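Asks: Supplied structure: final12.cif, mmCIF, N, CA and C atoms.
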```cif
data_data
loop_
_atom_site.label_atom_id
_atom_site.label_comp_id
_atom_site.auth_asym_id
_atom_site.auth_seq_id
_atom_site.Cartn_x
_atom_site.Cartn_y
_atom_site.Cartn_z
N MET A 1 11.24 -28.38 37.19
CA MET A 1 11.67 -27.28 36.34
C MET A 1 12.12 -26.12 37.26
N ASN A 2 13.33 -25.62 37.05
CA ASN A 2 13.79 -24.51 37.87
C ASN A 2 13.19 -23.20 37.37
N SER A 3 13.40 -22.12 38.12
CA SER A 3 12.75 -20.85 37.77
C SER A 3 13.22 -20.31 36.42
N LYS A 4 14.48 -20.53 36.06
CA LYS A 4 14.99 -20.06 34.76
C LYS A 4 14.32 -20.81 33.61
N GLU A 5 14.16 -22.12 33.76
CA GLU A 5 13.49 -22.93 32.75
C GLU A 5 12.01 -22.56 32.65
N LEU A 6 11.37 -22.35 33.81
CA LEU A 6 9.96 -21.96 33.82
C LEU A 6 9.78 -20.60 33.17
N ALA A 7 10.69 -19.66 33.44
CA ALA A 7 10.62 -18.33 32.83
C ALA A 7 10.72 -18.43 31.31
N ALA A 8 11.60 -19.30 30.83
CA ALA A 8 11.75 -19.50 29.38
C ALA A 8 10.47 -20.09 28.79
N TYR A 9 9.84 -21.02 29.51
CA TYR A 9 8.60 -21.64 29.04
C TYR A 9 7.47 -20.62 29.01
N VAL A 10 7.32 -19.83 30.07
CA VAL A 10 6.27 -18.81 30.12
C VAL A 10 6.48 -17.80 28.99
N THR A 11 7.72 -17.38 28.80
CA THR A 11 8.04 -16.43 27.72
C THR A 11 7.64 -17.01 26.37
N ASP A 12 7.93 -18.28 26.16
CA ASP A 12 7.54 -18.93 24.90
C ASP A 12 6.02 -18.99 24.76
N GLN A 13 5.33 -19.33 25.84
CA GLN A 13 3.86 -19.41 25.79
C GLN A 13 3.23 -18.05 25.48
N LEU A 14 3.88 -16.98 25.89
CA LEU A 14 3.35 -15.63 25.69
C LEU A 14 3.95 -14.94 24.46
N SER A 15 4.73 -15.67 23.68
CA SER A 15 5.47 -15.07 22.57
C SER A 15 4.58 -14.47 21.48
N GLY A 16 3.33 -14.83 21.43
CA GLY A 16 2.41 -14.25 20.45
C GLY A 16 1.93 -12.85 20.80
N LEU A 17 2.25 -12.40 22.02
CA LEU A 17 1.85 -11.06 22.46
C LEU A 17 3.04 -10.12 22.37
N ALA A 18 2.86 -9.01 21.70
CA ALA A 18 3.92 -8.00 21.67
C ALA A 18 3.93 -7.27 23.01
N GLY A 19 5.11 -6.98 23.52
CA GLY A 19 5.20 -6.22 24.75
C GLY A 19 5.32 -7.04 26.01
N VAL A 20 5.64 -8.33 25.89
CA VAL A 20 5.86 -9.16 27.08
C VAL A 20 7.36 -9.20 27.35
N ARG A 21 7.71 -8.99 28.61
CA ARG A 21 9.11 -9.11 29.01
C ARG A 21 9.16 -9.58 30.45
N SER A 22 10.31 -10.09 30.82
CA SER A 22 10.50 -10.51 32.21
C SER A 22 11.84 -10.01 32.70
N ILE A 23 11.92 -9.83 34.01
CA ILE A 23 13.20 -9.47 34.62
C ILE A 23 13.42 -10.37 35.83
N PRO A 24 14.66 -10.83 36.01
CA PRO A 24 14.93 -11.65 37.19
C PRO A 24 14.89 -10.80 38.45
N MET A 25 14.34 -11.37 39.51
CA MET A 25 14.24 -10.63 40.76
C MET A 25 14.22 -11.61 41.93
N MET A 26 15.20 -11.53 42.79
CA MET A 26 15.28 -12.32 44.02
C MET A 26 14.99 -13.81 43.81
N GLY A 27 15.63 -14.42 42.85
CA GLY A 27 15.48 -15.85 42.61
C GLY A 27 14.28 -16.22 41.76
N GLY A 28 13.46 -15.27 41.42
CA GLY A 28 12.30 -15.51 40.57
C GLY A 28 12.32 -14.57 39.38
N TYR A 29 11.18 -14.34 38.80
CA TYR A 29 11.06 -13.44 37.65
C TYR A 29 9.76 -12.67 37.77
N ILE A 30 9.78 -11.43 37.34
CA ILE A 30 8.57 -10.61 37.26
C ILE A 30 8.25 -10.48 35.77
N PHE A 31 6.99 -10.70 35.42
CA PHE A 31 6.55 -10.60 34.03
C PHE A 31 5.71 -9.34 33.82
N TYR A 32 6.01 -8.65 32.75
CA TYR A 32 5.30 -7.44 32.35
C TYR A 32 4.62 -7.68 31.01
N TYR A 33 3.46 -7.06 30.85
CA TYR A 33 2.80 -6.99 29.54
C TYR A 33 2.48 -5.52 29.31
N ARG A 34 3.04 -4.99 28.25
CA ARG A 34 2.87 -3.58 27.91
C ARG A 34 3.12 -2.70 29.13
N GLU A 35 4.21 -3.02 29.82
CA GLU A 35 4.74 -2.26 30.96
C GLU A 35 3.88 -2.28 32.22
N LYS A 36 2.97 -3.23 32.32
CA LYS A 36 2.23 -3.45 33.56
C LYS A 36 2.57 -4.86 34.06
N ILE A 37 2.75 -4.99 35.36
CA ILE A 37 3.07 -6.30 35.93
C ILE A 37 1.85 -7.21 35.86
N ILE A 38 2.03 -8.39 35.25
CA ILE A 38 0.94 -9.37 35.20
C ILE A 38 1.11 -10.45 36.25
N GLY A 39 2.34 -10.68 36.67
CA GLY A 39 2.62 -11.71 37.65
C GLY A 39 4.08 -12.06 37.64
N GLY A 40 4.38 -13.28 38.05
CA GLY A 40 5.77 -13.67 38.07
C GLY A 40 5.97 -15.11 38.50
N ILE A 41 7.23 -15.48 38.50
CA ILE A 41 7.61 -16.82 38.94
C ILE A 41 8.15 -16.67 40.36
N TYR A 42 7.48 -17.37 41.25
CA TYR A 42 7.82 -17.35 42.67
C TYR A 42 8.01 -18.79 43.12
N GLU A 43 8.22 -19.00 44.39
CA GLU A 43 8.43 -20.34 44.92
C GLU A 43 7.34 -21.34 44.49
N PRO A 44 6.06 -20.95 44.54
CA PRO A 44 5.02 -21.91 44.13
C PRO A 44 4.89 -22.13 42.62
N GLY A 45 5.50 -21.30 41.80
CA GLY A 45 5.38 -21.44 40.35
C GLY A 45 4.99 -20.12 39.70
N PHE A 46 4.27 -20.19 38.58
CA PHE A 46 3.85 -18.99 37.86
C PHE A 46 2.56 -18.47 38.47
N LEU A 47 2.62 -17.28 39.05
CA LEU A 47 1.47 -16.67 39.70
C LEU A 47 1.08 -15.39 38.98
N LEU A 48 -0.22 -15.10 38.99
CA LEU A 48 -0.75 -13.93 38.30
C LEU A 48 -1.49 -13.01 39.25
N LYS A 49 -1.55 -11.75 38.88
CA LYS A 49 -2.31 -10.77 39.66
C LYS A 49 -3.76 -11.23 39.74
N ASP A 50 -4.37 -10.99 40.88
CA ASP A 50 -5.77 -11.36 41.10
C ASP A 50 -6.67 -10.24 40.58
N VAL A 51 -7.04 -10.35 39.31
CA VAL A 51 -7.95 -9.40 38.68
C VAL A 51 -9.11 -10.18 38.06
N PRO A 52 -10.25 -9.53 37.81
CA PRO A 52 -11.42 -10.24 37.30
C PRO A 52 -11.17 -11.06 36.03
N ALA A 53 -10.38 -10.56 35.09
CA ALA A 53 -10.13 -11.30 33.85
C ALA A 53 -9.38 -12.61 34.12
N ALA A 54 -8.47 -12.59 35.08
CA ALA A 54 -7.73 -13.80 35.43
C ALA A 54 -8.66 -14.81 36.11
N ARG A 55 -9.52 -14.31 37.00
CA ARG A 55 -10.48 -15.22 37.66
C ARG A 55 -11.47 -15.83 36.67
N ALA A 56 -11.89 -15.02 35.68
CA ALA A 56 -12.83 -15.52 34.67
C ALA A 56 -12.19 -16.61 33.81
N ALA A 57 -10.92 -16.44 33.48
CA ALA A 57 -10.22 -17.40 32.64
C ALA A 57 -9.81 -18.65 33.41
N MET A 58 -9.64 -18.51 34.72
CA MET A 58 -9.19 -19.62 35.57
C MET A 58 -10.06 -19.70 36.82
N PRO A 59 -11.34 -20.03 36.69
CA PRO A 59 -12.22 -20.01 37.87
C PRO A 59 -11.79 -20.97 38.97
N GLU A 60 -11.03 -22.00 38.62
CA GLU A 60 -10.58 -22.98 39.61
C GLU A 60 -9.27 -22.58 40.29
N ALA A 61 -8.66 -21.49 39.86
CA ALA A 61 -7.36 -21.06 40.40
C ALA A 61 -7.48 -20.66 41.87
N GLU A 62 -6.46 -21.03 42.62
CA GLU A 62 -6.43 -20.70 44.04
C GLU A 62 -5.52 -19.52 44.30
N LEU A 63 -5.90 -18.72 45.31
CA LEU A 63 -5.01 -17.66 45.77
C LEU A 63 -3.92 -18.30 46.63
N VAL A 64 -2.69 -17.99 46.31
CA VAL A 64 -1.56 -18.56 47.05
C VAL A 64 -0.58 -17.45 47.39
N PRO A 65 0.18 -17.65 48.46
CA PRO A 65 1.20 -16.65 48.78
C PRO A 65 2.39 -16.79 47.83
N ALA A 66 2.95 -15.66 47.45
CA ALA A 66 4.13 -15.67 46.58
C ALA A 66 5.34 -16.20 47.32
N GLU A 67 5.38 -15.99 48.62
CA GLU A 67 6.48 -16.45 49.45
C GLU A 67 5.93 -17.21 50.65
N GLU A 68 6.71 -18.14 51.15
CA GLU A 68 6.29 -18.92 52.30
C GLU A 68 5.98 -18.00 53.48
N GLY A 69 4.82 -18.20 54.06
CA GLY A 69 4.41 -17.40 55.20
C GLY A 69 3.72 -16.10 54.83
N GLY A 70 3.72 -15.75 53.54
CA GLY A 70 3.06 -14.52 53.09
C GLY A 70 1.56 -14.71 53.02
N SER A 71 0.86 -13.63 52.89
CA SER A 71 -0.59 -13.75 52.78
C SER A 71 -0.96 -14.08 51.33
N PRO A 72 -2.04 -14.84 51.10
CA PRO A 72 -2.44 -15.17 49.73
C PRO A 72 -2.79 -13.90 48.95
N LYS A 73 -2.11 -13.70 47.86
CA LYS A 73 -2.33 -12.49 47.09
C LYS A 73 -2.35 -12.72 45.59
N MET A 74 -1.89 -13.88 45.12
CA MET A 74 -1.79 -14.09 43.68
C MET A 74 -2.46 -15.40 43.29
N LEU A 75 -2.89 -15.47 42.03
CA LEU A 75 -3.55 -16.66 41.53
C LEU A 75 -2.54 -17.61 40.90
N ALA A 76 -2.61 -18.87 41.29
CA ALA A 76 -1.77 -19.88 40.66
C ALA A 76 -2.28 -20.11 39.24
N CYS A 77 -1.39 -20.02 38.27
CA CYS A 77 -1.80 -20.17 36.87
C CYS A 77 -2.14 -21.63 36.59
N THR A 78 -3.36 -21.85 36.10
CA THR A 78 -3.82 -23.20 35.79
C THR A 78 -3.92 -23.46 34.29
N ILE A 79 -3.61 -22.46 33.46
CA ILE A 79 -3.75 -22.61 32.02
C ILE A 79 -2.43 -22.37 31.28
N LEU A 80 -1.33 -22.55 31.97
CA LEU A 80 -0.03 -22.27 31.39
C LEU A 80 0.25 -23.08 30.13
N ASP A 81 -0.25 -24.29 30.06
CA ASP A 81 0.00 -25.14 28.90
C ASP A 81 -0.92 -24.86 27.72
N ASP A 82 -1.92 -24.00 27.90
CA ASP A 82 -2.84 -23.62 26.82
C ASP A 82 -2.46 -22.23 26.32
N ARG A 83 -1.58 -22.20 25.32
CA ARG A 83 -1.00 -20.95 24.82
C ARG A 83 -2.07 -19.93 24.44
N GLU A 84 -3.07 -20.34 23.67
CA GLU A 84 -4.10 -19.40 23.19
C GLU A 84 -4.91 -18.83 24.33
N LYS A 85 -5.33 -19.67 25.24
CA LYS A 85 -6.13 -19.21 26.38
C LYS A 85 -5.30 -18.30 27.29
N LEU A 86 -4.02 -18.65 27.50
CA LEU A 86 -3.14 -17.83 28.33
C LEU A 86 -2.95 -16.44 27.72
N GLN A 87 -2.69 -16.39 26.44
CA GLN A 87 -2.49 -15.10 25.77
C GLN A 87 -3.77 -14.26 25.79
N ALA A 88 -4.91 -14.89 25.58
CA ALA A 88 -6.18 -14.17 25.63
C ALA A 88 -6.43 -13.61 27.03
N MET A 89 -6.12 -14.39 28.05
CA MET A 89 -6.32 -13.93 29.42
C MET A 89 -5.41 -12.75 29.73
N VAL A 90 -4.13 -12.83 29.36
CA VAL A 90 -3.20 -11.74 29.64
C VAL A 90 -3.66 -10.47 28.93
N SER A 91 -4.12 -10.59 27.70
CA SER A 91 -4.65 -9.42 26.98
C SER A 91 -5.84 -8.82 27.70
N ALA A 92 -6.73 -9.68 28.20
CA ALA A 92 -7.92 -9.20 28.92
C ALA A 92 -7.55 -8.61 30.28
N MET A 93 -6.47 -9.06 30.87
CA MET A 93 -6.04 -8.54 32.18
C MET A 93 -5.51 -7.12 32.09
N TRP A 94 -4.90 -6.76 30.97
CA TRP A 94 -4.16 -5.51 30.86
C TRP A 94 -4.95 -4.28 31.34
N PRO A 95 -6.20 -4.06 30.88
CA PRO A 95 -6.91 -2.85 31.34
C PRO A 95 -7.23 -2.86 32.83
N GLU A 96 -7.21 -4.02 33.45
CA GLU A 96 -7.55 -4.14 34.88
C GLU A 96 -6.34 -4.00 35.80
N LEU A 97 -5.16 -3.98 35.23
CA LEU A 97 -3.94 -3.90 36.03
C LEU A 97 -3.59 -2.46 36.36
N PRO A 98 -3.01 -2.23 37.54
CA PRO A 98 -2.61 -0.87 37.90
C PRO A 98 -1.45 -0.39 37.04
N GLU A 99 -1.38 0.90 36.85
CA GLU A 99 -0.25 1.49 36.12
C GLU A 99 1.03 1.25 36.90
N ARG A 100 2.10 1.14 36.20
CA ARG A 100 3.40 0.95 36.83
C ARG A 100 3.79 2.24 37.55
N LYS A 101 4.27 2.10 38.77
CA LYS A 101 4.69 3.26 39.56
C LYS A 101 6.01 3.79 39.00
N SER A 102 6.09 5.10 38.91
CA SER A 102 7.34 5.68 38.42
C SER A 102 8.35 5.74 39.55
N ARG A 103 9.60 5.55 39.19
CA ARG A 103 10.66 5.62 40.18
C ARG A 103 11.03 7.07 40.43
N LYS A 104 11.23 7.36 41.69
CA LYS A 104 11.66 8.70 42.05
C LYS A 104 13.19 8.76 41.95
N LYS A 105 13.68 9.79 41.33
CA LYS A 105 15.12 9.94 41.20
C LYS A 105 15.69 10.51 42.49
N LYS A 106 16.84 9.95 42.88
CA LYS A 106 17.52 10.45 44.06
C LYS A 106 18.24 11.74 43.68
N GLY A 107 18.22 12.66 44.52
CA GLY A 107 18.91 13.88 44.14
C GLY A 107 18.90 14.85 45.22
#
```
Would you mind writing the file's structure down as structure tokens?
Replies:
Amino acid sequence: MNSKELAAYVTDQLSGLAGVRSIPMMGGYIFYYREKIIGGIYEPGFLLKDVPAARAAMPEAELVPAEEGGSPKMLACTILDDREKLQAMVSAMWPELPERKSRKKKG
């Protein structure tokens, strides 16, 4: 499955949650829930921010680098095919995620 197909699948799996969106970025996709980054599609697949709610929902998940040679920073999603569990985890992750940084305007 290529990144575009995987992004469509992830979007469908999360379709029960209001406020989920994705944007293409450097050959992958970044996923937002209620304007906070939850994770994205990278070379290894769908990866999520390493927060306690994600670890609780996926205790077997491994930390993997988003890019080859990078340091392990994100959790490989192990529950992508379980729509209900995935949506519950993303909802639980939201309060643990950092606020989105505001862009500084050039001027």
Asks: Counting all atoms listed in the file, select every polymer residue within 6 Å of (1.3, -10.5, 26.0) as defined in the file's coordinates, and provide the selection as a list of chain:residue names.
Replies: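 The requested residues, written out, are A:Leu14, A:Gly16, A:Leu17, A:Ala18, A:Gly19, A:Val20, A:Tyr33, A:Gln87, A:Val90, A:Ser91.
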Asks: For the atom pair atom C of A:Arg21 and atom CA of A:Glu60, what is the interatomic distance in Å to one decimal place?
Replies: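 Going from atom C of A:Arg21 over to atom CA of A:Glu60, I get 25.6 Å.
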Asks: Evaluate the PyMOL selection byres (((chain A and resi 37 and name CA) around 10) and name CA) against this structure - the residues, as a list in words, please.
Replies: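 That expression, the PyMOL selection byres (((chain A and resi 37 and name CA) around 10) and name CA), corresponds here to Val20, Arg21, Ser22, Ile30, Phe31, Tyr32, Tyr33, Arg34, Glu35, Lys36, Ile38, Gly39, Gly40, Leu48, Lys49, Trp94, Leu97, Pro98, Glu99 and Arg100 of chain A.
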Asks: Extract the full set of helix (DSSP H, G or I) residues from stretch 72-101 of chain A according to DSSP on the backbone, and format it as a list in words.
Replies: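 Everything in stretch 72-101 of chain A that counts as helix (DSSP H, G or I) is Arg83, Glu84, Lys85, Leu86, Gln87, Ala88, Met89, Val90, Ser91, Ala92, Met93, Trp94, Pro95 and Glu96 of chain A.
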Asks: Taking the file as I've supplied it (selection: the PyMOL selection byres (((chain A and resi 9 and name CA) around 12) and name CA)), which residues are included? Please answer as a list in words.
Replies: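 Matching residues under the PyMOL selection byres (((chain A and resi 9 and name CA) around 12) and name CA) are Met1, Asn2, Ser3, Lys4, Glu5, Leu6, Ala7, Ala8, Val10, Thr11, Asp12, Gln13, Leu14, Ser15, Ser22, Ile41, Gly45, Phe46, Leu80, Asp81, Asp82 and Arg83 of chain A.
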Asks: Point out the residue among A:Met89, A:Met26, A:Lys101, A:Met74 with the least atom-to-atom distance to A:Ala57, counting only C-alpha atoms.
Replies: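 Checking each candidate against A:Ala57, we get A:Met89 as the closest.
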Asks: So, with only C-alpha atoms as the atoms that count, which of A:Met25, A:Ala92, A:Leu47, A:Ala53 lies closest to A:Leu75?
Replies: A:Leu47
Asks: Run through the PyMOL selection byres ((chain A and resi 66-72) around 6) on the given coordinates and return the selected residues as number ranges by chain.
Replies: A: 42-44, 63-65, 73-74
Asks: Mind dumping the selected residues with N, CA and C atoms as an mmCIF file, keeping the file's coordinate frame?
Replies:
```
data_model
loop_
_atom_site.group_PDB
_atom_site.id
_atom_site.type_symbol
_atom_site.label_atom_id
_atom_site.label_comp_id
_atom_site.auth_asym_id
_atom_site.auth_seq_id
_atom_site.Cartn_x
_atom_site.Cartn_y
_atom_site.Cartn_z
ATOM 1 N N TYR A 42 7.480 -17.370 41.250
ATOM 2 C CA TYR A 42 7.820 -17.350 42.670
ATOM 3 C C TYR A 42 8.010 -18.790 43.120
ATOM 4 N N GLU A 43 8.220 -19.000 44.390
ATOM 5 C CA GLU A 43 8.430 -20.340 44.920
ATOM 6 C C GLU A 43 7.340 -21.340 44.490
ATOM 7 N N PRO A 44 6.060 -20.950 44.540
ATOM 8 C CA PRO A 44 5.020 -21.910 44.130
ATOM 9 C C PRO A 44 4.890 -22.130 42.620
ATOM 10 N N LEU A 63 -5.900 -18.720 45.310
ATOM 11 C CA LEU A 63 -5.010 -17.660 45.770
ATOM 12 C C LEU A 63 -3.920 -18.300 46.630
ATOM 13 N N VAL A 64 -2.690 -17.990 46.310
ATOM 14 C CA VAL A 64 -1.560 -18.560 47.050
ATOM 15 C C VAL A 64 -0.580 -17.450 47.390
ATOM 16 N N PRO A 65 0.180 -17.650 48.460
ATOM 17 C CA PRO A 65 1.200 -16.650 48.780
ATOM 18 C C PRO A 65 2.390 -16.790 47.830
ATOM 19 N N LYS A 73 -2.110 -13.700 47.860
ATOM 20 C CA LYS A 73 -2.330 -12.490 47.090
ATOM 21 C C LYS A 73 -2.350 -12.720 45.590
ATOM 22 N N MET A 74 -1.890 -13.880 45.120
ATOM 23 C CA MET A 74 -1.790 -14.090 43.680
ATOM 24 C C MET A 74 -2.460 -15.400 43.290
#
```
Asks: Do you have the atom CA of A:Ala56-atom CA of A:Gly27 distance handy?
Replies: 29.4 Å
Asks: By how many Å are atom N of A:Met58 and atom C of A:Leu86 apart?
Replies: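 Separation of atom N of A:Met58 and atom C of A:Leu86: 9.9 Å.
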Asks: Step by step, gather every atom of stretch 51-54 of chain A that the file lists, find the box along x, y and z that holds them, add 3 Å on each side, and finally give centre and edge lengths in Å to one decimal, as JSON.
Replies:
```
{"center_x": -9.2, "center_y": -12.1, "center_z": 36.6, "size_x": 10.4, "size_y": 11.4, "size_z": 11.5}
```
Asks: List every residue of stretch 5-107 of chain A that DSSP, applied to the backbone, labels as strand (DSSP E or B), and write the result as a PDB file with N, CA and C atoms, in the coordinates of the input.
Replies:
```pdb
ATOM      1  N   VAL A  20       5.640  -8.330  25.890  1.00  0.00           N
ATOM      2  CA  VAL A  20       5.860  -9.160  27.080  1.00  0.00           C
ATOM      3  C   VAL A  20       7.360  -9.200  27.350  1.00  0.00           C
ATOM      4  N   ARG A  21       7.710  -8.990  28.610  1.00  0.00           N
ATOM      5  CA  ARG A  21       9.110  -9.110  29.010  1.00  0.00           C
ATOM      6  C   ARG A  21       9.160  -9.580  30.450  1.00  0.00           C
ATOM      7  N   SER A  22      10.310 -10.090  30.820  1.00  0.00           N
ATOM      8  CA  SER A  22      10.500 -10.510  32.210  1.00  0.00           C
ATOM      9  C   SER A  22      11.840 -10.010  32.700  1.00  0.00           C
ATOM     10  N   ILE A  23      11.920  -9.830  34.010  1.00  0.00           N
ATOM     11  CA  ILE A  23      13.200  -9.470  34.620  1.00  0.00           C
ATOM     12  C   ILE A  23      13.420 -10.370  35.830  1.00  0.00           C
ATOM     13  N   PRO A  24      14.660 -10.830  36.010  1.00  0.00           N
ATOM     14  CA  PRO A  24      14.930 -11.650  37.190  1.00  0.00           C
ATOM     15  C   PRO A  24      14.890 -10.800  38.450  1.00  0.00           C
ATOM     16  N   MET A  25      14.340 -11.370  39.510  1.00  0.00           N
ATOM     17  CA  MET A  25      14.240 -10.630  40.760  1.00  0.00           C
ATOM     18  C   MET A  25      14.220 -11.610  41.930  1.00  0.00           C
ATOM     19  N   GLY A  28      13.460 -15.270  41.420  1.00  0.00           N
ATOM     20  CA  GLY A  28      12.300 -15.510  40.570  1.00  0.00           C
ATOM     21  C   GLY A  28      12.320 -14.570  39.380  1.00  0.00           C
ATOM     22  N   TYR A  29      11.180 -14.340  38.800  1.00  0.00           N
ATOM     23  CA  TYR A  29      11.060 -13.440  37.650  1.00  0.00           C
ATOM     24  C   TYR A  29       9.760 -12.670  37.770  1.00  0.00           C
ATOM     25  N   ILE A  30       9.780 -11.430  37.340  1.00  0.00           N
ATOM     26  CA  ILE A  30       8.570 -10.610  37.260  1.00  0.00           C
ATOM     27  C   ILE A  30       8.250 -10.480  35.770  1.00  0.00           C
ATOM     28  N   PHE A  31       6.990 -10.700  35.420  1.00  0.00           N
ATOM     29  CA  PHE A  31       6.550 -10.600  34.030  1.00  0.00           C
ATOM     30  C   PHE A  31       5.710  -9.340  33.820  1.00  0.00           C
ATOM     31  N   TYR A  32       6.010  -8.650  32.750  1.00  0.00           N
ATOM     32  CA  TYR A  32       5.300  -7.440  32.350  1.00  0.00           C
ATOM     33  C   TYR A  32       4.620  -7.680  31.010  1.00  0.00           C
ATOM     34  N   TYR A  33       3.460  -7.060  30.850  1.00  0.00           N
ATOM     35  CA  TYR A  33       2.800  -6.990  29.540  1.00  0.00           C
ATOM     36  C   TYR A  33       2.480  -5.520  29.310  1.00  0.00           C
ATOM     37  N   LYS A  36       2.970  -3.230  32.320  1.00  0.00           N
ATOM     38  CA  LYS A  36       2.230  -3.450  33.560  1.00  0.00           C
ATOM     39  C   LYS A  36       2.570  -4.860  34.060  1.00  0.00           C
ATOM     40  N   ILE A  37       2.750  -4.990  35.360  1.00  0.00           N
ATOM     41  CA  ILE A  37       3.070  -6.300  35.930  1.00  0.00           C
ATOM     42  C   ILE A  37       1.850  -7.210  35.860  1.00  0.00           C
ATOM     43  N   ILE A  38       2.030  -8.390  35.250  1.00  0.00           N
ATOM     44  CA  ILE A  38       0.940  -9.370  35.200  1.00  0.00           C
ATOM     45  C   ILE A  38       1.110 -10.450  36.250  1.00  0.00           C
ATOM     46  N   GLY A  39       2.340 -10.680  36.670  1.00  0.00           N
ATOM     47  CA  GLY A  39       2.620 -11.710  37.650  1.00  0.00           C
ATOM     48  C   GLY A  39       4.080 -12.060  37.640  1.00  0.00           C
ATOM     49  N   GLY A  40       4.380 -13.280  38.050  1.00  0.00           N
ATOM     50  CA  GLY A  40       5.770 -13.670  38.070  1.00  0.00           C
ATOM     51  C   GLY A  40       5.970 -15.110  38.500  1.00  0.00           C
ATOM     52  N   ILE A  41       7.230 -15.480  38.500  1.00  0.00           N
ATOM     53  CA  ILE A  41       7.610 -16.820  38.940  1.00  0.00           C
ATOM     54  C   ILE A  41       8.150 -16.670  40.360  1.00  0.00           C
ATOM     55  N   TYR A  42       7.480 -17.370  41.250  1.00  0.00           N
ATOM     56  CA  TYR A  42       7.820 -17.350  42.670  1.00  0.00           C
ATOM     57  C   TYR A  42       8.010 -18.790  43.120  1.00  0.00           C
ATOM     58  N   GLY A  45       5.500 -21.300  41.800  1.00  0.00           N
ATOM     59  CA  GLY A  45       5.380 -21.440  40.350  1.00  0.00           C
ATOM     60  C   GLY A  45       4.990 -20.120  39.700  1.00  0.00           C
ATOM     61  N   PHE A  46       4.270 -20.190  38.580  1.00  0.00           N
ATOM     62  CA  PHE A  46       3.850 -18.990  37.860  1.00  0.00           C
ATOM     63  C   PHE A  46       2.560 -18.470  38.470  1.00  0.00           C
ATOM     64  N   LEU A  47       2.620 -17.280  39.050  1.00  0.00           N
ATOM     65  CA  LEU A  47       1.470 -16.670  39.700  1.00  0.00           C
ATOM     66  C   LEU A  47       1.080 -15.390  38.980  1.00  0.00           C
ATOM     67  N   LEU A  48      -0.220 -15.100  38.990  1.00  0.00           N
ATOM     68  CA  LEU A  48      -0.750 -13.930  38.300  1.00  0.00           C
ATOM     69  C   LEU A  48      -1.490 -13.010  39.250  1.00  0.00           C
ATOM     70  N   LYS A  49      -1.550 -11.750  38.880  1.00  0.00           N
ATOM     71  CA  LYS A  49      -2.310 -10.770  39.660  1.00  0.00           C
ATOM     72  C   LYS A  49      -3.760 -11.230  39.740  1.00  0.00           C
ATOM     73  N   LEU A  63      -5.900 -18.720  45.310  1.00  0.00           N
ATOM     74  CA  LEU A  63      -5.010 -17.660  45.770  1.00  0.00           C
ATOM     75  C   LEU A  63      -3.920 -18.300  46.630  1.00  0.00           C
ATOM     76  N   VAL A  64      -2.690 -17.990  46.310  1.00  0.00           N
ATOM     77  CA  VAL A  64      -1.560 -18.560  47.050  1.00  0.00           C
ATOM     78  C   VAL A  64      -0.580 -17.450  47.390  1.00  0.00           C
ATOM     79  N   MET A  74      -1.890 -13.880  45.120  1.00  0.00           N
ATOM     80  CA  MET A  74      -1.790 -14.090  43.680  1.00  0.00           C
ATOM     81  C   MET A  74      -2.460 -15.400  43.290  1.00  0.00           C
ATOM     82  N   LEU A  75      -2.890 -15.470  42.030  1.00  0.00           N
ATOM     83  CA  LEU A  75      -3.550 -16.660  41.530  1.00  0.00           C
ATOM     84  C   LEU A  75      -2.540 -17.610  40.900  1.00  0.00           C
ATOM     85  N   ALA A  76      -2.610 -18.870  41.290  1.00  0.00           N
ATOM     86  CA  ALA A  76      -1.770 -19.880  40.660  1.00  0.00           C
ATOM     87  C   ALA A  76      -2.280 -20.110  39.240  1.00  0.00           C
TER      88      ALA A  76
END
```
